[in-house]
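Engineer: Here's a structure for you.
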Amino acid sequence: MANFSSKYRLTALAAALSFVFPAVHANELTGQIGPASQKENSLTESYYSFTGDVQAVLPAGTSTLYYGKGVFSSAASDQTIENKSDNLGIVSKGGTFFLANGHNQNINLAKTKSISSESGRIFWVNGNPTDNESSAVTQRITGEIAEIKANVGNYALRYGFGWNGASGVYEGGVIYNSQGIQIFGHSEADPGGSIGKIAIESTAAPSPYGASNRGPAIVNRGPNSDQIGIQKIFMPIGQIGEKNQRFSVGVLDVYGSEQYIRSIGEIYATSFGIAGGDWTSTSDGGPQRVKYVGSIDVDNTSAPSPLVMGIYNWSDNGATVNGKRHIGSQYIGVGRSIVASGSSTLGVFGIFNRGGEQIIEAEPEVADSAVSISATNTTSGKPAYSVYINPYMQGDAFAEASTKTTLKGNFAIKKGDIVVANSNSTNPDKTASNSVLQLLGNSRDTANTMSLDDGTGIRIMKGGKDDEWGTLTTALILGDDRESGDRGYNISLGKGSYINDQGIFQGKGVISAHYSAASVATNGIDSGGVLLKNVQTTLAGNKSHPDV
């Protein structure tokens with residue numbers, strides 16, 4: 001196969017001698033393409049088309065010159081790339097395959113069987129700091145893509161936002177947007193294609209988060225909370241990762257102004273399944289919305305890591321920039337299950353809300369069935385929580401602080417207690433922040449029930465500074481009687497399971513004890529106790545009415 005640079009020169013010669021030789025369109029690509037060394041330029045013309053499988057030959061080494069280069073780059077002008085092959089296959093070594101930087105990039109891949117990259121960097125936007133969508137660098141992708149693979153071998157695809165000179169590794173994600181706009185498909189009504197699988201193939205063992213060799217699959221990032229970072233994936237994604245080849249993070253948003261993903265079948269990860277914010281940076285730029293994910297499976301048992309979380313949210317209700325407050329929020333619709341398991345000294349979490357507004361909605365295929373949540377920690381004496389709410393806020397975040405997780409629909413808690421706490425926040429002005437769990441029904445289900453498996457419980461802890469602040473800052477709320485047709489919410493206890501609410505209780509519903517014919521001494525009831533220490537009026541100001 002001819003090297004593209006040679007082919008380009010021959011094509012130019014043929015065009016000049018067209019009266020002798022038939023011309024070949026200079027921008028029709030097949031075979032080996034792209035820069036073969038750091039000395040050659042990226043493919044930066046305004047139009048290219050694939051007529052057959054391609055192999056990009058930019059080296060996969062760790063030189064920053066290779067790392068920062070795009071095989072296709074929109075640095076010079078707006079760029080359109082389209083596939084005219086019946087079933088395109090792409091193999092790439094170093095750099096980033098599709099890189100939108102400086103100008104817009106439109107990519108129509110039609111029927112594509114596979115895109116594989118040894119750097120792990122495939123669809124990237126390196127935008128420009130702006131708060132105006134019309135001036136933001138935009139990359140748009142359409143087409144039916146069977147598989148996107150980070151075939152990194154023994155290279156490391158680490159989480160981060162650039163070249164890590166200290167460790168000499170690639171950082172970022174397979175699909176990555178920074179300071180720009182990245183859109184897969186056309187709209188909610190017209191997905192414009194699909195992605196069968198986003199996979200990783202690595203010979204390196206998983207390692208702790210922050211030094212992970214397996215990186216994130218999808219990243220959206222804003223440079224700070226008042227500038228553009230918009231990512232919308234309308235194309236359905238069948239799967240992210242595999243059981244034996246996991247990403248460190250499935251989906252991540254850090255300071256992005258908006259992240260929307262229509263649907264994902266399954267996510268396999270080692271640290272975070274879906275994360276709004278990471279452990280050191282928040283999602284304060286704007287909302288993260290994953291309309292549907294079938295199942296989330298996070299497992300680090302093969303390489304212990306301190307962070308094992310199915311769904312994670314952290315917004316401290318925004319930074320105030322130029323007088324404008326930017327607030328992050330999270331919505332995740334779940335079809336089947338959230339499973340978190342591993343060995344962690346910090347704890348294992350099915351759902352962890354560290355600050356901000358979070359809604360997790362059960363969207364099972366069969367009405368009135370339940371989404372299961374399970375958390376297991378193999379480190380002796382260390383916790384595992386199915387749901388954990390404990391805000392970490394500092395400074396002016398307290399002025400409009402709200403930490404609330406809403407579970408809508410039917411849920412089954414299989415392993416790990418539900419805990420609502422408020423012990424991490426620090427504020428010299430003694431301004432209270434809240435920590436709330438609300439259980440709501442949704443429009444498609446009638447049961448409005450959470451079932452607790454044997455030995456699991458709900459603990460609403462007293463806030464660590466409630467006495468100092470002179471108020472209660474933790475709460476359990478059943479239903480919302482401000483909404484017409486509210487039926488409250490029900491909780492079904494298992495053997496040895498319990499509710500211990502040391503904070504506020506509001507709402508209405510039925511809390512059902514567990515019955516066992518063998519437990520004759522207690523009239524057949526073998527569940528634990530129910531304590532609602534501070535019952536207050538409902539959200540609409542009516543009397544709360546829990547039936548136990």
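Ligands are numbered from 1 in the order shown, residues from 1 within each chain, and chains are lettered A, B, ... in the order they appear in the structure tokens.
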May I have all residues of segment 205-429 of chain A that DSSP, computed from the backbone, assigns to strand (DSSP E or B), given as a VMD selection string?
Structural biologist: chain A and resid 216 to 221 230 to 233 237 to 240 242 245 247 to 254 258 to 261 264 to 276 287 to 299 308 to 313 320 to 321 324 to 325 329 to 342 348 to 353 356 to 362 371 to 377 384 to 389 403 to 408 411 to 415 417 to 420
Engineer: Give me, as number ranges by chain, all polymer residues having an atom no more than 8 Å from Ala100 of chain A, counting only C-alpha atoms and skipping those fewer than 3 positions away in the same chain.
Structural biologist: A: 73-75, 103-105, 124-127, 137-139
Engineer: Taking C-alpha atoms for each residue, export the selection above as a PDB file, in the first residue's frame.
Structural biologist:
ATOM      1  CA  SER A  73      -7.151  18.070  11.999  1.00  0.00           C
ATOM      2  CA  SER A  74      -9.374  21.094  11.433  1.00  0.00           C
ATOM      3  CA  ALA A  75      -6.595  23.485  12.436  1.00  0.00           C
ATOM      4  CA  HIS A 103     -12.349  25.083  13.193  1.00  0.00           C
ATOM      5  CA  ASN A 104     -15.391  22.822  12.887  1.00  0.00           C
ATOM      6  CA  GLN A 105     -15.216  19.190  11.813  1.00  0.00           C
ATOM      7  CA  TRP A 124     -11.512  14.717  20.217  1.00  0.00           C
ATOM      8  CA  VAL A 125     -12.443  18.374  20.446  1.00  0.00           C
ATOM      9  CA  ASN A 126      -9.816  20.818  21.679  1.00  0.00           C
ATOM     10  CA  GLY A 127     -11.871  23.979  21.645  1.00  0.00           C
ATOM     11  CA  VAL A 137     -15.316  24.705  17.911  1.00  0.00           C
ATOM     12  CA  THR A 138     -17.803  21.981  16.952  1.00  0.00           C
ATOM     13  CA  GLN A 139     -17.354  18.341  15.924  1.00  0.00           C
TER      14      GLN A 139
END
Engineer: Show which residues sit within 8 Å of Val548 of chain A, as a list in words. Count only C-alpha atoms, and ignore same-chain residues fewer than 3 positions away.
Structural biologist: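 In the requested format, the answer is Val510, Ile511, Ser512, Ala513 and Val530 of chain A.
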Engineer: What would the file look like if the residues just selected were written as an mmCIF file, in the first residue's frame with all heavy atoms?
Structural biologist:
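Saved file part12.cif follows:
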data_model
loop_
_atom_site.group_PDB
_atom_site.id
_atom_site.type_symbol
_atom_site.label_atom_id
_atom_site.label_comp_id
_atom_site.auth_asym_id
_atom_site.auth_seq_id
_atom_site.Cartn_x
_atom_site.Cartn_y
_atom_site.Cartn_z
ATOM 1 N N VAL A 510 -46.287 3.579 53.440
ATOM 2 C CA VAL A 510 -46.401 2.391 54.274
ATOM 3 C C VAL A 510 -45.032 1.758 54.419
ATOM 4 O O VAL A 510 -44.346 1.504 53.417
ATOM 5 C CB VAL A 510 -47.390 1.375 53.665
ATOM 6 C CG1 VAL A 510 -47.432 0.100 54.495
ATOM 7 C CG2 VAL A 510 -48.776 1.993 53.541
ATOM 8 N N ILE A 511 -44.624 1.510 55.659
ATOM 9 C CA ILE A 511 -43.387 0.794 55.944
ATOM 10 C C ILE A 511 -43.777 -0.591 56.444
ATOM 11 O O ILE A 511 -44.392 -0.733 57.507
ATOM 12 C CB ILE A 511 -42.539 1.539 56.987
ATOM 13 C CG1 ILE A 511 -42.210 2.950 56.477
ATOM 14 C CG2 ILE A 511 -41.255 0.762 57.284
ATOM 15 C CD1 ILE A 511 -41.530 3.836 57.512
ATOM 16 N N SER A 512 -43.474 -1.612 55.657
ATOM 17 C CA SER A 512 -43.962 -2.967 55.923
ATOM 18 C C SER A 512 -42.883 -3.798 56.602
ATOM 19 O O SER A 512 -41.757 -3.907 56.091
ATOM 20 C CB SER A 512 -44.374 -3.652 54.608
ATOM 21 O OG SER A 512 -45.336 -2.882 53.940
ATOM 22 N N ALA A 513 -43.228 -4.413 57.729
ATOM 23 C CA ALA A 513 -42.315 -5.318 58.419
ATOM 24 C C ALA A 513 -42.198 -6.628 57.651
ATOM 25 O O ALA A 513 -43.029 -6.957 56.793
ATOM 26 C CB ALA A 513 -42.819 -5.575 59.839
ATOM 27 N N VAL A 530 -38.076 0.461 63.473
ATOM 28 C CA VAL A 530 -38.267 1.680 62.694
ATOM 29 C C VAL A 530 -38.295 2.849 63.676
ATOM 30 O O VAL A 530 -39.151 2.911 64.560
ATOM 31 C CB VAL A 530 -39.578 1.647 61.884
ATOM 32 C CG1 VAL A 530 -39.818 2.982 61.188
ATOM 33 C CG2 VAL A 530 -39.548 0.516 60.871
#
Engineer: For Thr538 of chain A, which of A:Glu201, A:Asp297, A:Glu363, A:Asp486 is the closest residue, counting only C-alpha atoms?
Structural biologist: A:Asp486
Engineer: Which residue gives the smallest distance to Asn448 of chain A among A:Ile200, A:Ala367, A:Ala421, A:Ala384, with only C-alpha atoms counted?
Structural biologist: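 Nearest candidate to Asn448 of chain A out of A:Ile200, A:Ala367, A:Ala421, A:Ala384: A:Ala367.
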Engineer: Report, in Å with one decimal, the straight-line distance from atom CA of Thr30 of chain A to atom CA of Glu147 of chain A.
Structural biologist: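 Here the two named atoms are 19.5 Å from each other.
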Engineer: Restricting the calculation to only C-alpha atoms: of A:Ser329, A:Thr378, A:Asn490, A:Asn177, which residue gets closest to Gly347 of chain A?
Structural biologist: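 Using only C-alpha atoms, the shortest distance to Gly347 of chain A belongs to A:Thr378.
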Engineer: Please provide the set of residues having any atom within 7 Å of Ser281 of chain A, restricted to only C-alpha atoms, with same-chain residues fewer than 3 positions apart removed, written as a PyMOL selection string.
Structural biologist: chain A and resi 254+277-278
Engineer: Between atom CA of Asn422 of chain A and atom CA of Pro391 of chain A, what distance in Å does the model show, to one decimal?
Structural biologist: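 Atom CA of Pro391 of chain A lies 6.2 Å from atom CA of Asn422 of chain A.
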Engineer: Ala275 of chain A: which residues within 9 Å, counting only C-alpha atoms, same-chain residues fewer than 5 positions away excluded, as a PyMOL selection string?
Structural biologist: chain A and resi 249-254+283+288+309-314+330
Engineer: With a distance cut-off of 6 Å and only C-alpha atoms, select the neighbouring residues of Gly503 of chain A, excluding the residue or stretch itself and same-chain residues fewer than 5 positions from it, and output the selection as a PyMOL selection string.
Structural biologist: chain A and resi 460+462+474-475
Engineer: Please, could you write that set of residues out with N, CA, C and O atoms as a CSV table (one decimal), in the first residue's frame?
Structural biologist:
chain,number,residue,atom,x,y,z
A,460,ILE,N,-30.4,7.6,58.6
A,460,ILE,CA,-30.4,9.0,58.4
A,460,ILE,C,-29.6,9.5,59.6
A,460,ILE,O,-30.2,9.6,60.7
A,462,LYS,N,-27.6,12.0,62.2
A,462,LYS,CA,-27.7,13.4,62.7
A,462,LYS,C,-26.5,14.2,62.1
A,462,LYS,O,-25.4,13.7,62.1
A,474,THR,N,-30.3,16.8,58.0
A,474,THR,CA,-30.4,15.5,57.2
A,474,THR,C,-31.9,15.2,57.2
A,474,THR,O,-32.6,15.5,58.2
A,475,ALA,N,-32.4,14.5,56.1
A,475,ALA,CA,-33.8,14.2,56.1
A,475,ALA,C,-34.1,13.0,55.1
A,475,ALA,O,-33.3,12.7,54.2
Engineer: May I ask which of the residues A:Thr203, A:Gln259, A:Asn106, A:Ser386 is the closest one to Thr456 of chain A, counting only C-alpha atoms?
Structural biologist: A:Ser386
Engineer: In terms of the shortest atom-to-atom distance over only C-alpha atoms, which of A:Trp469, A:Tyr331, A:Tyr392, A:Tyr48 is closest to Ser435 of chain A?
Structural biologist: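 Nearest to Ser435 of chain A: A:Tyr392.
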Engineer: I'd like the neighbourhood of Lys495 of chain A as an NGL selection string, where a residue qualifies if any of its atoms comes within 6 Å (using only C-alpha atoms), though same-chain residues fewer than 2 positions away should be ignored.
Structural biologist: :A and (454 or 497 or 514 or 526-527)
Engineer: Using N, CA, C and O atoms, can you write the selected residues to a file as an mmCIF file, in the first residue's frame?
Structural biologist:
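Saved as selection.cif:
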data_model
loop_
_atom_site.group_PDB
_atom_site.id
_atom_site.type_symbol
_atom_site.label_atom_id
_atom_site.label_comp_id
_atom_site.auth_asym_id
_atom_site.auth_seq_id
_atom_site.Cartn_x
_atom_site.Cartn_y
_atom_site.Cartn_z
ATOM 1 N N ASP A 454 -32.522 -8.747 53.227
ATOM 2 C CA ASP A 454 -32.172 -9.101 54.606
ATOM 3 C C ASP A 454 -30.898 -8.388 55.048
ATOM 4 O O ASP A 454 -29.890 -8.366 54.332
ATOM 5 N N SER A 497 -33.646 -6.091 58.570
ATOM 6 C CA SER A 497 -33.453 -4.748 58.034
ATOM 7 C C SER A 497 -34.236 -3.737 58.877
ATOM 8 O O SER A 497 -35.119 -4.100 59.656
ATOM 9 N N HIS A 514 -41.146 -7.376 57.963
ATOM 10 C CA HIS A 514 -40.923 -8.674 57.321
ATOM 11 C C HIS A 514 -41.518 -9.763 58.197
ATOM 12 O O HIS A 514 -41.313 -9.791 59.418
ATOM 13 N N ASP A 526 -39.675 -10.545 61.871
ATOM 14 C CA ASP A 526 -38.252 -10.691 62.187
ATOM 15 C C ASP A 526 -37.411 -9.572 61.564
ATOM 16 O O ASP A 526 -36.198 -9.676 61.471
ATOM 17 N N SER A 527 -38.063 -8.490 61.123
ATOM 18 C CA SER A 527 -37.297 -7.331 60.675
ATOM 19 C C SER A 527 -36.893 -6.500 61.880
ATOM 20 O O SER A 527 -37.403 -6.692 62.988
#
Engineer: Any chance you could list, as a list in words, the residues in segment 62-146 of chain A that come up helix (DSSP H, G or I) when DSSP is run on the backbone?
Structural biologist: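 Residues meeting the helix (DSSP H, G or I) criterion: Thr64, Leu65, Tyr66, Tyr67, Glu133, Ser134 and Ser135 of chain A.
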Engineer: Which one of A:Lys69, A:Lys111, A:Arg459, A:His326 sits closest to Leu531 of chain A if you count only C-alpha atoms?
Structural biologist: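 Ranking A:Lys69, A:Lys111, A:Arg459, A:His326 by distance to Leu531 of chain A, first place goes to A:Arg459.
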